[in-house]
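Have a look at the structure below before the remarks.
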Amino acid sequence: MSRSLFARGSAALAVAAAIGIGLGALWFSASLPPRNDRVAAAIGAPVAVYRDPHGVPHIFADTAADAAFALGYVHAQDRLWQMEGTRRLGAGRLSELFGPATIETDRFMRTLGFARLAEAQYETSSAEVRAMLDAYARGVNRWRESHQGALPPEFAATGLAPEPWRPADSLLWFRTMSLRLAGNRNEELLREGLGRLLPPDMLADLWPPAPPGDPLTIPGASSAAGAAGSSHGPGHDPGGGRAELGGASNFWVVGGSRTKSGKPLLANDPHLRLGAPGPWYLARVVTPAGSLAGATAPGVPFFIFGHNDRIAWGLTNTGSDVEDLFLERPDPEDPGRYLTPSGSEPFALRSETIKVKGGGDVTVAIRSTRHGPVVSDIRPEARPVVGSGGDASPEPGGGQEILALAATYLADDDATPETALGVNAAGSWPAFVAALSRQKIVQQNFAYADVDGNIGFIVPGRVPIREPGQGLTPAPGWSGEADWRGFVPFSALPRVFNPPVDLIINANNRVVDDSYPWYLGADWDPGFRAQRIAELLIARSHHTVASMAAIQNDIASPMAKTLLPLMLAAMPAGSGHADVVARLRDWSADAEMAADRPEPLIFAAWLRALTRALGEDRLGGLFAAYWGYRPLFVERVLRDRPVWCDRPLTPEVEDCGARLDQSLSAAMAELAAAYGDDWRSWRWAAAHEARFDNLLLGRIPLIRSLVNVRAPVGGGNDTIMRAASDIADLDGPFAAIHGAGYRAVYDLADPARSRFIVVPGQSGNPLSLHYRDLVGPWLDGRSITLGQSRAELEAEATSRLTLVPEADRH
């Protein structure tokens with residue numbers, strides 16, 4: 001009887017829950033944009049916004065400012081919660097919504113002072129930039145004021161009523177993205193800690209130099225085979241672990257001699273963490289001055305990637321070293337001061353208050369030195385990890401050293417928004433370069449192509465000038481020896497215009513070789529993606545939009561083709577996995593990370609287990625911070641450094657063959673437990689699904705499956721179609737969590753024929769048809785155009801918004 005009652009009670013609860021969800025969905029459907037709307041607005045002339053069948057807004061306006069107003073309005077319609085999260089992250093105000101769980105994040109952001117920098121930056125921006133920021137903010141706020149229905153579900157879940165959008169809020173995006181793309185501070189700490197455990201030769205093994213033939217973007221070679229260049233100098237493997245997942249991207253440009261049309265083609269796909277919604281939002285703007293189409297960032301009035309009527313541009317992360325940690329020594333006579341080369345100076349002090357939902361306010365006392373904010377005050381328990389040694393050891397009575405962060409994204413004279421506005425309007429290479437000369441806070445690689453047939457590449461942004469050998473580990477700040485000596489002059493930054501090979505490639509690989517006179521950094525992508533891009537481009541004499549898109553979706557792994565034969569060759573003859581070894585040997589010929597094959601899964605699991613076996617015993621508690629896809633480290637061990645194969649904690653001397661066999665056994669056992677005993681039935685897709693998680697609603701058990709989007713996918717960490725995993729994640733080591741949230745191929749023969757895709761969809765509202773509707777096309781390598789005429793949009797648009805000047809509201 002009790003079971004029957006329980007069953008009936010459970011059924012009743014399920015029905016009630018279903019009814020509740022249905023009613024909730026009905027209520028929250030009012031948060032979606034209406035099919036047709038007419039809104040009075042603070043604009044100079046009427047603006048028409050057509051949404052195409054994919055939810056992309058096409059904005060027709062008389063002025064750039066009115067277009068910015070409309071962009072702010074539609075961003076708010078589709079992505080207001082995402083915008084709210086971005087500004088609260090940048091300003092250090094998450095705890096107002098999420099309570100104590102985010103206090104440490106808020107403390108860090110308050111210490112960096114992004115909100116203060118953004119406020120000051122707005123005041124010093126040009127009149128043109130302020131006009132765009134002001135108009136955009138008015139557009140966001142007009143939607144807030146005019147919207148009569150429910151807000152997006154996240155606002156109900158947190159009980160938040162959104163505050164007015166302020167122009168400075170948009171500037172926070174540039175700072176937070178710069179922080180996201182710069183990860184050297186973590187590598188400095190890791191190198192410092194590992195340097196205490198290992199002799200110098202073994203420490204060097206963990207970040208091996210780039211192998212001979214590693215691609216360069218500006219090679220100084222004139223042959224087509226050198227289009228991606230080659231390097232024989234140093235350049236370290238950044239690995240594929242947690243740090244490297246911050247940012248990666250591909251672009252390549254082919255000039256008219258290599259295309260069927262005789263005009264350039266430019267392909268670009270920036271890689272960031274996947275999510276629902278994604279970081280990018282497609283839009284098109286048409287004014288009498290011309291048109292813009294491409295990817296915008298919700299919260300920002302400028303196009304980040306895209307084309308206008310004359311040029312197209314793309315970006316990848318340079319990976320240059322724009323951060324340094326400095327060990328500062330407090331004055332033993334006065335704890336309110338610290339030591340400098342010229343004597344003792346007072347800390348700059350300020351105090352901020354973090355409001356905490358469900359808890360008391362937290363007051364943050366922030367100290368800064370001449371190098372930057374003191375970041376070790378956020379987590380004082382971390383200080384012993386970064387305490388200095390050797391000549392940096394404290395003198396008797398010197399006190400505990402602290403860490404200050406110097407970073408280009410903390411600059412108070414940044415003008416990157418001016419760069420964005422200038423790039424959007426540029427019509428030539430000189431205008432493009434002039435716009436980029438104002439970028440300071442994050443160094444990026446920019447690709448360029450124009451309708452006149454020119455192609456180019458330039459690396460703008462500030463890079464510190466350091467003494468040789470500086471920047472890899474925290475340096476003593478009191479001596480001045482590691483101080484920045486200024487910045488690399490803009491005129492000296494790498495660039496190339498119309499190279500003889502008529503081809504430019506970058507996939508986060510090294511930009512220049514050792515003949516370049518300035519130090520940019522040490523941690524570059526190994527170059528596998530750039531190598532494969534070059535192979536595919538050179539294999540065809542004349543390219544089209546379709547052939548460029550096909551390359552973007554290539555899933556062959558040069559990393560596996562390089563590393564797997566070394567692993568197989570070292571396997572002992574008596575291995576109990578002869579059939580698996582034979583299958584992997586056959587697969588390594590093309591090494592395609594296909595979703596429907598078992599070999600990619602076995603290889604990924606084997607490499608994961610091997611990396612763990614080689615490093616865990618020797619690196620101890622720091623192994624977790626180093627663990628990731630480290631192909632150059634594993635290659636170095638197998639080729640030249642077998643000392644890593646011997647376990648230091650056992651009396652036996654193990655060779656690499658034994659460790660490979662043990663690692664393969666461990667990997668096969670782990671996979672069998674998850675997917676069954678028959679390895680032939682395993683599929684890469686079973687473990688390697690693209691995860692587009694909603695960061696807030698996706699944590700609520702009742703609706704998690706409704707808002708988190710999953711899609712089985714091929715590719716891997718080192719394929720052009722990048723679908724990267726974090727193998728240190730014990731719960732989902734092979735899940736695809738990082739990849740191309742935006743792909744574009746720009747056709748300079750007719751920019752209107754350019755192709756675009758974002759994923760999972762245009763809307764951040766889970767109830768929208770456009771929340772996940774682009775996942776299928778993204779998986780299949782399909783894309784859309786944004787060049788429709790106004791008459792075509794009148795016929796095909798799924799909704800229309802008309803903004804009218806307030807004086808014309810009647």
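In the structure tokens, the first chain shown is A, the next is B, and so on; residue numbers restart at 1 for each chain, and ligands run from 1 in the order shown.
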
*Could you pull the residues within 8 Å of Ile504 (chain A), counting only C-alpha atoms, minus those fewer than 4 positions along the same chain, as a ChimeraX atom specification?*
/A:217-218,227-228,252-254,447,456-457,499

For the residues in that selection, give me all heavy atoms as a PDB file, in the first residue's frame.
```pdb
ATOM      1  N   THR A 217      53.837  32.914 -38.407  1.00  0.00           N
ATOM      2  CA  THR A 217      52.911  33.695 -39.217  1.00  0.00           C
ATOM      3  C   THR A 217      53.656  34.605 -40.175  1.00  0.00           C
ATOM      4  O   THR A 217      53.228  34.811 -41.307  1.00  0.00           O
ATOM      5  CB  THR A 217      51.978  34.520 -38.312  1.00  0.00           C
ATOM      6  OG1 THR A 217      51.229  33.614 -37.489  1.00  0.00           O
ATOM      7  CG2 THR A 217      51.006  35.345 -39.139  1.00  0.00           C
ATOM      8  N   ILE A 218      54.793  35.172 -39.754  1.00  0.00           N
ATOM      9  CA  ILE A 218      55.631  35.995 -40.631  1.00  0.00           C
ATOM     10  C   ILE A 218      56.977  35.291 -40.742  1.00  0.00           C
ATOM     11  O   ILE A 218      57.889  35.519 -39.952  1.00  0.00           O
ATOM     12  CB  ILE A 218      55.802  37.419 -40.076  1.00  0.00           C
ATOM     13  CG1 ILE A 218      54.432  38.063 -39.838  1.00  0.00           C
ATOM     14  CG2 ILE A 218      56.614  38.267 -41.046  1.00  0.00           C
ATOM     15  CD1 ILE A 218      54.511  39.464 -39.269  1.00  0.00           C
ATOM     16  N   ALA A 227      54.354  29.350 -46.234  1.00  0.00           N
ATOM     17  CA  ALA A 227      53.325  30.343 -45.975  1.00  0.00           C
ATOM     18  C   ALA A 227      52.990  30.446 -44.512  1.00  0.00           C
ATOM     19  O   ALA A 227      52.692  31.520 -44.013  1.00  0.00           O
ATOM     20  CB  ALA A 227      52.069  29.999 -46.775  1.00  0.00           C
ATOM     21  N   ALA A 228      53.018  29.323 -43.832  1.00  0.00           N
ATOM     22  CA  ALA A 228      52.804  29.372 -42.393  1.00  0.00           C
ATOM     23  C   ALA A 228      54.119  29.509 -41.653  1.00  0.00           C
ATOM     24  O   ALA A 228      54.145  29.625 -40.449  1.00  0.00           O
ATOM     25  CB  ALA A 228      52.092  28.107 -41.913  1.00  0.00           C
ATOM     26  N   TRP A 252      42.942  32.755 -41.457  1.00  0.00           N
ATOM     27  CA  TRP A 252      43.852  32.725 -42.587  1.00  0.00           C
ATOM     28  C   TRP A 252      43.255  33.596 -43.685  1.00  0.00           C
ATOM     29  O   TRP A 252      42.041  33.761 -43.796  1.00  0.00           O
ATOM     30  CB  TRP A 252      44.127  31.303 -43.077  1.00  0.00           C
ATOM     31  CG  TRP A 252      42.929  30.481 -43.458  1.00  0.00           C
ATOM     32  CD1 TRP A 252      42.394  30.346 -44.704  1.00  0.00           C
ATOM     33  CD2 TRP A 252      42.137  29.654 -42.593  1.00  0.00           C
ATOM     34  NE1 TRP A 252      41.312  29.479 -44.673  1.00  0.00           N
ATOM     35  CE2 TRP A 252      41.138  29.050 -43.388  1.00  0.00           C
ATOM     36  CE3 TRP A 252      42.171  29.375 -41.229  1.00  0.00           C
ATOM     37  CZ2 TRP A 252      40.171  28.180 -42.864  1.00  0.00           C
ATOM     38  CZ3 TRP A 252      41.217  28.515 -40.707  1.00  0.00           C
ATOM     39  CH2 TRP A 252      40.232  27.926 -41.518  1.00  0.00           C
ATOM     40  N   VAL A 253      44.137  34.186 -44.454  1.00  0.00           N
ATOM     41  CA  VAL A 253      43.743  35.068 -45.551  1.00  0.00           C
ATOM     42  C   VAL A 253      44.459  34.589 -46.802  1.00  0.00           C
ATOM     43  O   VAL A 253      45.680  34.354 -46.780  1.00  0.00           O
ATOM     44  CB  VAL A 253      44.148  36.533 -45.286  1.00  0.00           C
ATOM     45  CG1 VAL A 253      43.392  37.464 -46.214  1.00  0.00           C
ATOM     46  CG2 VAL A 253      43.948  36.918 -43.843  1.00  0.00           C
ATOM     47  N   VAL A 254      43.728  34.451 -47.885  1.00  0.00           N
ATOM     48  CA  VAL A 254      44.341  34.125 -49.167  1.00  0.00           C
ATOM     49  C   VAL A 254      44.087  35.277 -50.122  1.00  0.00           C
ATOM     50  O   VAL A 254      42.978  35.815 -50.205  1.00  0.00           O
ATOM     51  CB  VAL A 254      43.808  32.794 -49.747  1.00  0.00           C
ATOM     52  CG1 VAL A 254      44.267  31.629 -48.904  1.00  0.00           C
ATOM     53  CG2 VAL A 254      42.295  32.790 -49.852  1.00  0.00           C
ATOM     54  N   ALA A 447      43.947  40.086 -38.838  1.00  0.00           N
ATOM     55  CA  ALA A 447      44.051  39.808 -40.259  1.00  0.00           C
ATOM     56  C   ALA A 447      43.211  40.823 -41.019  1.00  0.00           C
ATOM     57  O   ALA A 447      42.176  41.295 -40.524  1.00  0.00           O
ATOM     58  CB  ALA A 447      43.564  38.397 -40.564  1.00  0.00           C
ATOM     59  N   GLY A 456      46.654  41.718 -45.307  1.00  0.00           N
ATOM     60  CA  GLY A 456      47.648  42.154 -44.341  1.00  0.00           C
ATOM     61  C   GLY A 456      47.477  41.487 -42.999  1.00  0.00           C
ATOM     62  O   GLY A 456      46.479  40.796 -42.733  1.00  0.00           O
ATOM     63  N   PHE A 457      48.470  41.722 -42.141  1.00  0.00           N
ATOM     64  CA  PHE A 457      48.510  41.148 -40.798  1.00  0.00           C
ATOM     65  C   PHE A 457      49.274  42.109 -39.912  1.00  0.00           C
ATOM     66  O   PHE A 457      50.318  42.644 -40.301  1.00  0.00           O
ATOM     67  CB  PHE A 457      49.211  39.783 -40.840  1.00  0.00           C
ATOM     68  CG  PHE A 457      49.551  39.192 -39.500  1.00  0.00           C
ATOM     69  CD1 PHE A 457      48.602  38.463 -38.796  1.00  0.00           C
ATOM     70  CD2 PHE A 457      50.811  39.360 -38.941  1.00  0.00           C
ATOM     71  CE1 PHE A 457      48.910  37.905 -37.564  1.00  0.00           C
ATOM     72  CE2 PHE A 457      51.126  38.807 -37.707  1.00  0.00           C
ATOM     73  CZ  PHE A 457      50.176  38.081 -37.018  1.00  0.00           C
ATOM     74  N   PRO A 499      52.106  39.930 -48.610  1.00  0.00           N
ATOM     75  CA  PRO A 499      53.312  39.096 -48.668  1.00  0.00           C
ATOM     76  C   PRO A 499      53.419  38.397 -50.018  1.00  0.00           C
ATOM     77  O   PRO A 499      52.407  38.140 -50.687  1.00  0.00           O
ATOM     78  CB  PRO A 499      53.079  38.085 -47.543  1.00  0.00           C
ATOM     79  CG  PRO A 499      51.594  38.022 -47.384  1.00  0.00           C
ATOM     80  CD  PRO A 499      51.109  39.415 -47.656  1.00  0.00           C
TER      81      PRO A 499
END
```

*Please give the complete set of residues from region 298-414 of chain A that DSSP, run on the backbone, assigns to strand (DSSP E), formatted as a PyMOL selection string.*
chain A and resi 303-307+311-317+323-328+330-331+334-340+343-346+348-354+362-368+402-407

Resulting file, chosen residues, N, CA and C atoms, as a short mmCIF file (atom, residue, chain, number, x, y, z; two decimals), in the first residue's frame:
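Generated file (selection.cif):
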```
data_model
loop_
_atom_site.label_atom_id
_atom_site.label_comp_id
_atom_site.auth_asym_id
_atom_site.auth_seq_id
_atom_site.Cartn_x
_atom_site.Cartn_y
_atom_site.Cartn_z
N PHE A 303 31.30 46.43 -33.63
CA PHE A 303 31.48 45.09 -34.20
C PHE A 303 32.90 44.63 -33.86
N ILE A 304 33.00 43.45 -33.27
CA ILE A 304 34.30 42.92 -32.87
C ILE A 304 34.97 42.20 -34.04
N PHE A 305 34.20 41.44 -34.79
CA PHE A 305 34.67 40.76 -36.01
C PHE A 305 33.69 41.13 -37.12
N GLY A 306 34.18 41.22 -38.36
CA GLY A 306 33.22 41.45 -39.42
C GLY A 306 33.79 42.10 -40.66
N HIS A 307 32.89 42.70 -41.41
CA HIS A 307 33.29 43.42 -42.63
C HIS A 307 32.41 44.66 -42.78
N ILE A 311 36.37 46.55 -46.36
CA ILE A 311 37.37 45.69 -45.73
C ILE A 311 36.70 44.61 -44.88
N ALA A 312 37.47 43.57 -44.59
CA ALA A 312 37.08 42.56 -43.61
C ALA A 312 38.27 42.36 -42.68
N TRP A 313 37.98 41.98 -41.45
CA TRP A 313 39.05 41.76 -40.49
C TRP A 313 38.72 40.57 -39.60
N GLY A 314 39.76 39.95 -39.06
CA GLY A 314 39.60 38.84 -38.13
C GLY A 314 40.64 38.95 -37.04
N LEU A 315 40.43 38.22 -35.95
CA LEU A 315 41.32 38.29 -34.80
C LEU A 315 41.66 36.89 -34.29
N THR A 316 42.87 36.77 -33.77
CA THR A 316 43.25 35.63 -32.93
C THR A 316 44.02 36.18 -31.74
N ASN A 317 44.11 35.39 -30.69
CA ASN A 317 44.86 35.81 -29.51
C ASN A 317 46.35 35.60 -29.77
N GLU A 323 51.55 40.34 -18.68
CA GLU A 323 51.38 40.36 -17.22
C GLU A 323 52.70 39.97 -16.57
N ASP A 324 52.99 40.57 -15.45
CA ASP A 324 54.10 40.12 -14.62
C ASP A 324 53.71 40.23 -13.15
N LEU A 325 54.14 39.27 -12.38
CA LEU A 325 53.98 39.31 -10.93
C LEU A 325 55.29 39.78 -10.30
N PHE A 326 55.17 40.72 -9.38
CA PHE A 326 56.34 41.24 -8.68
C PHE A 326 56.23 40.94 -7.19
N LEU A 327 57.30 40.40 -6.66
CA LEU A 327 57.41 40.21 -5.22
C LEU A 327 57.81 41.53 -4.59
N GLU A 328 56.96 42.04 -3.71
CA GLU A 328 57.25 43.29 -3.03
C GLU A 328 57.61 43.00 -1.57
N PRO A 330 57.66 44.46 2.15
CA PRO A 330 57.25 45.54 3.06
C PRO A 330 58.44 46.10 3.82
N ASP A 331 58.36 47.37 4.11
CA ASP A 331 59.40 48.04 4.89
C ASP A 331 59.39 47.47 6.31
N ASP A 334 58.11 49.98 8.79
CA ASP A 334 56.77 50.56 8.66
C ASP A 334 55.95 49.68 7.72
N PRO A 335 55.01 48.88 8.23
CA PRO A 335 54.23 47.97 7.37
C PRO A 335 53.34 48.68 6.37
N GLY A 336 53.18 49.99 6.50
CA GLY A 336 52.40 50.74 5.52
C GLY A 336 53.21 51.19 4.33
N ARG A 337 54.47 50.76 4.27
CA ARG A 337 55.35 51.14 3.18
C ARG A 337 56.03 49.88 2.62
N TYR A 338 56.62 50.00 1.45
CA TYR A 338 57.33 48.88 0.83
C TYR A 338 58.62 49.41 0.22
N LEU A 339 59.54 48.49 -0.06
CA LEU A 339 60.86 48.88 -0.51
C LEU A 339 60.92 49.01 -2.03
N THR A 340 61.62 50.03 -2.49
CA THR A 340 61.83 50.29 -3.91
C THR A 340 63.31 50.56 -4.14
N GLY A 343 64.33 53.61 -2.25
CA GLY A 343 63.99 53.72 -0.84
C GLY A 343 62.59 53.21 -0.56
N SER A 344 62.04 53.64 0.57
CA SER A 344 60.73 53.17 1.01
C SER A 344 59.64 54.11 0.50
N GLU A 345 58.54 53.50 0.01
CA GLU A 345 57.40 54.29 -0.46
C GLU A 345 56.13 53.76 0.19
N PRO A 346 55.14 54.64 0.38
CA PRO A 346 53.87 54.18 0.97
C PRO A 346 53.03 53.41 -0.04
N ALA A 348 49.73 52.70 -1.99
CA ALA A 348 48.50 53.43 -2.32
C ALA A 348 47.34 52.61 -1.77
N LEU A 349 46.46 53.25 -1.04
CA LEU A 349 45.39 52.55 -0.33
C LEU A 349 44.02 53.02 -0.80
N ARG A 350 43.11 52.09 -0.86
CA ARG A 350 41.71 52.43 -1.04
C ARG A 350 40.87 51.32 -0.41
N SER A 351 39.62 51.60 -0.17
CA SER A 351 38.72 50.64 0.46
C SER A 351 37.42 50.56 -0.33
N GLU A 352 36.93 49.34 -0.52
CA GLU A 352 35.66 49.15 -1.22
C GLU A 352 34.80 48.18 -0.43
N THR A 353 33.49 48.30 -0.60
CA THR A 353 32.55 47.46 0.12
C THR A 353 31.78 46.58 -0.84
N ILE A 354 31.81 45.29 -0.57
CA ILE A 354 31.08 44.31 -1.36
C ILE A 354 29.80 43.96 -0.61
N VAL A 362 31.12 43.05 3.06
CA VAL A 362 32.55 42.73 3.18
C VAL A 362 33.34 43.95 2.73
N THR A 363 34.18 44.46 3.60
CA THR A 363 35.03 45.59 3.26
C THR A 363 36.38 45.07 2.77
N VAL A 364 36.80 45.57 1.62
CA VAL A 364 38.04 45.13 1.00
C VAL A 364 39.04 46.28 1.09
N ALA A 365 40.13 46.06 1.79
CA ALA A 365 41.23 47.02 1.86
C ALA A 365 42.22 46.67 0.75
N ILE A 366 42.42 47.58 -0.17
CA ILE A 366 43.23 47.30 -1.36
C ILE A 366 44.50 48.13 -1.31
N ARG A 367 45.62 47.43 -1.45
CA ARG A 367 46.92 48.09 -1.52
C ARG A 367 47.47 48.00 -2.94
N SER A 368 48.17 49.02 -3.35
CA SER A 368 48.84 49.00 -4.65
C SER A 368 50.26 49.51 -4.49
N ILE A 402 55.00 40.03 -0.60
CA ILE A 402 53.65 40.04 -1.17
C ILE A 402 53.76 40.13 -2.68
N LEU A 403 52.66 39.86 -3.35
CA LEU A 403 52.64 39.84 -4.81
C LEU A 403 51.84 41.01 -5.35
N ALA A 404 52.43 41.75 -6.27
CA ALA A 404 51.73 42.81 -7.01
C ALA A 404 51.68 42.42 -8.48
N LEU A 405 50.59 42.80 -9.12
CA LEU A 405 50.37 42.44 -10.52
C LEU A 405 50.54 43.66 -11.41
N ALA A 406 51.44 43.55 -12.38
CA ALA A 406 51.56 44.53 -13.45
C ALA A 406 50.94 43.93 -14.71
N ALA A 407 50.05 44.64 -15.36
CA ALA A 407 49.37 44.11 -16.54
C ALA A 407 48.96 45.26 -17.44
#
```

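When CA of Asp640 (chain A) is paired with CA of Trp524 (chain A), their separation reads 21.3 Å.
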
*Find the residues near Ala740 (chain A): any atom within 12 Å, counting only C-alpha atoms, skip ones fewer than 3 places away on the same chain, and give them as number ranges by chain.*
A: 247-251, 268-275, 278-280, 316, 552-553, 690, 692, 715-717, 719-724, 736-737, 743-744, 756-760, 775, 778-779, 781

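Proximity of A:Ala556, A:Ala135, A:Val423, A:Cys645 to Tyr448 (chain A), computed with only C-alpha atoms, is greatest for A:Val423.
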
*Among region 339-500 of chain A, which ones does DSSP place in alpha helix (DSSP H), written as a PyMOL selection string?*
chain A and resi 383-386+416-425+429-436

What are the closest atom pairs, with distances in Å to one decimal, for each residue of region 531-641 of chain A lying within 7 Å of region 674-689 of chain A, using only C-alpha atoms, rows by chain and rising residue number, as JSON lines?
```
{"residue": "A:Ala594", "atom": "CA", "partner": "A:Trp684", "partner_atom": "CA", "distance": 7.0}
{"residue": "A:Ala595", "atom": "CA", "partner": "A:Ala685", "partner_atom": "CA", "distance": 4.6}
{"residue": "A:Asp596", "atom": "CA", "partner": "A:Arg683", "partner_atom": "CA", "distance": 5.2}
{"residue": "A:Arg597", "atom": "CA", "partner": "A:Arg683", "partner_atom": "CA", "distance": 5.0}
{"residue": "A:Pro598", "atom": "CA", "partner": "A:Arg683", "partner_atom": "CA", "distance": 4.6}
{"residue": "A:Pro600", "atom": "CA", "partner": "A:Trp684", "partner_atom": "CA", "distance": 5.9}
{"residue": "A:Leu601", "atom": "CA", "partner": "A:Trp684", "partner_atom": "CA", "distance": 4.8}
```

Saved selection, atoms kept: all heavy atoms, as a PDB file, in the first residue's frame:
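The resulting result_31.pdb:
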```pdb
ATOM      1  N   ALA A 594      37.062  11.663 -35.646  1.00  0.00           N
ATOM      2  CA  ALA A 594      35.678  11.519 -36.089  1.00  0.00           C
ATOM      3  C   ALA A 594      34.784  11.097 -34.934  1.00  0.00           C
ATOM      4  O   ALA A 594      35.153  10.245 -34.122  1.00  0.00           O
ATOM      5  CB  ALA A 594      35.597  10.500 -37.219  1.00  0.00           C
ATOM      6  N   ALA A 595      33.597  11.671 -34.896  1.00  0.00           N
ATOM      7  CA  ALA A 595      32.668  11.413 -33.794  1.00  0.00           C
ATOM      8  C   ALA A 595      32.248   9.951 -33.729  1.00  0.00           C
ATOM      9  O   ALA A 595      31.944   9.439 -32.646  1.00  0.00           O
ATOM     10  CB  ALA A 595      31.438  12.313 -33.928  1.00  0.00           C
ATOM     11  N   ASP A 596      32.219   9.249 -34.867  1.00  0.00           N
ATOM     12  CA  ASP A 596      31.693   7.890 -34.911  1.00  0.00           C
ATOM     13  C   ASP A 596      32.770   6.821 -34.889  1.00  0.00           C
ATOM     14  O   ASP A 596      32.538   5.684 -35.287  1.00  0.00           O
ATOM     15  CB  ASP A 596      30.816   7.719 -36.161  1.00  0.00           C
ATOM     16  CG  ASP A 596      31.590   7.942 -37.456  1.00  0.00           C
ATOM     17  OD1 ASP A 596      32.760   8.389 -37.387  1.00  0.00           O
ATOM     18  OD2 ASP A 596      31.020   7.690 -38.534  1.00  0.00           O
ATOM     19  N   ARG A 597      33.966   7.165 -34.414  1.00  0.00           N
ATOM     20  CA  ARG A 597      35.062   6.205 -34.373  1.00  0.00           C
ATOM     21  C   ARG A 597      35.511   5.966 -32.930  1.00  0.00           C
ATOM     22  O   ARG A 597      35.448   6.865 -32.090  1.00  0.00           O
ATOM     23  CB  ARG A 597      36.257   6.722 -35.183  1.00  0.00           C
ATOM     24  CG  ARG A 597      36.003   6.923 -36.673  1.00  0.00           C
ATOM     25  CD  ARG A 597      35.962   5.605 -37.413  1.00  0.00           C
ATOM     26  NE  ARG A 597      37.247   4.923 -37.391  1.00  0.00           N
ATOM     27  CZ  ARG A 597      38.194   5.079 -38.297  1.00  0.00           C
ATOM     28  NH1 ARG A 597      38.015   5.915 -39.325  1.00  0.00           N
ATOM     29  NH2 ARG A 597      39.330   4.399 -38.228  1.00  0.00           N
ATOM     30  N   PRO A 598      36.045   4.760 -32.617  1.00  0.00           N
ATOM     31  CA  PRO A 598      36.569   4.509 -31.273  1.00  0.00           C
ATOM     32  C   PRO A 598      37.991   5.021 -31.070  1.00  0.00           C
ATOM     33  O   PRO A 598      38.400   5.330 -29.958  1.00  0.00           O
ATOM     34  CB  PRO A 598      36.524   2.987 -31.153  1.00  0.00           C
ATOM     35  CG  PRO A 598      36.670   2.488 -32.550  1.00  0.00           C
ATOM     36  CD  PRO A 598      35.983   3.508 -33.423  1.00  0.00           C
ATOM     37  N   PRO A 600      39.706   7.849 -31.716  1.00  0.00           N
ATOM     38  CA  PRO A 600      39.966   9.134 -31.044  1.00  0.00           C
ATOM     39  C   PRO A 600      39.765   9.050 -29.536  1.00  0.00           C
ATOM     40  O   PRO A 600      40.526   9.665 -28.776  1.00  0.00           O
ATOM     41  CB  PRO A 600      38.956  10.088 -31.698  1.00  0.00           C
ATOM     42  CG  PRO A 600      38.653   9.478 -33.025  1.00  0.00           C
ATOM     43  CD  PRO A 600      38.702   8.008 -32.805  1.00  0.00           C
ATOM     44  N   LEU A 601      38.790   8.298 -29.103  1.00  0.00           N
ATOM     45  CA  LEU A 601      38.527   8.156 -27.671  1.00  0.00           C
ATOM     46  C   LEU A 601      39.666   7.393 -26.993  1.00  0.00           C
ATOM     47  O   LEU A 601      40.149   7.797 -25.920  1.00  0.00           O
ATOM     48  CB  LEU A 601      37.195   7.442 -27.454  1.00  0.00           C
ATOM     49  CG  LEU A 601      36.799   7.165 -26.002  1.00  0.00           C
ATOM     50  CD1 LEU A 601      36.727   8.452 -25.192  1.00  0.00           C
ATOM     51  CD2 LEU A 601      35.456   6.420 -25.951  1.00  0.00           C
TER      52      LEU A 601
END
```

*asked:* Let me make sure I understand: among A:Gly615, A:Gly290, A:Pro199, A:Pro212, which one has the smallest atom-to-atom distance to Pro648 (chain A) if we use only C-alpha atoms?
replied: A:Gly615

_d(CA of Ala48 (chain A), CA of Leu801 (chain A)) in Å_ = 6.0 Å

*asked:* One number please: CA of Met83 (chain A) to CA of Leu151 (chain A), in Å, one decimal.
replied: 13.5 Å

*Considering only C-alpha atoms, return as a count of residues only whatever protein or nucleic-acid residues lie within 10 Å of Gln77 (chain A), sequence-local ones (same chain, fewer than 4 positions apart) excluded.*
17

*Hey, what's within 12 Å of Ala431 (chain A) if we count only C-alpha atoms and toss same-chain stuff fewer than 2 positions away? As a PyMOL selection string, please?*
chain A and resi 310-311+419+421-429+433-438+448+450

*asked:* Applying 9 Å and only C-alpha atoms, which residues near Ser261 (chain A) remain after dropping the ones on its own chain fewer than 4 positions away? List them as a PyMOL selection string.
replied: chain A and resi 256-257+542-544+748-749

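Taking only C-alpha atoms, the non-local environment of Gly469 (chain A) within 12 Å (same-chain residues fewer than 2 positions away omitted) comprises Ile465, Arg466, Glu467, Gly471, Leu472, Thr473, Pro474, Ala475, Glu481, Ala482, Tyr519, Leu520, Gly521 and Ala522 of chain A.
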
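Nearest to Ile551 (chain A) of all the residues A:His58, A:Arg79, A:Arg529, A:Arg185 is A:Arg529, counting only C-alpha atoms.
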
*Of the residues A:Asp106, A:Glu188, A:Asp693, A:Asp214, which is the one nearest to Leu632 (chain A), using only C-alpha atoms?*
A:Asp214

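Counting only C-alpha atoms and comparing A:Pro766, A:Pro733, A:Pro701, A:Pro57, the residue that lies closest to Val286 (chain A) is A:Pro57.
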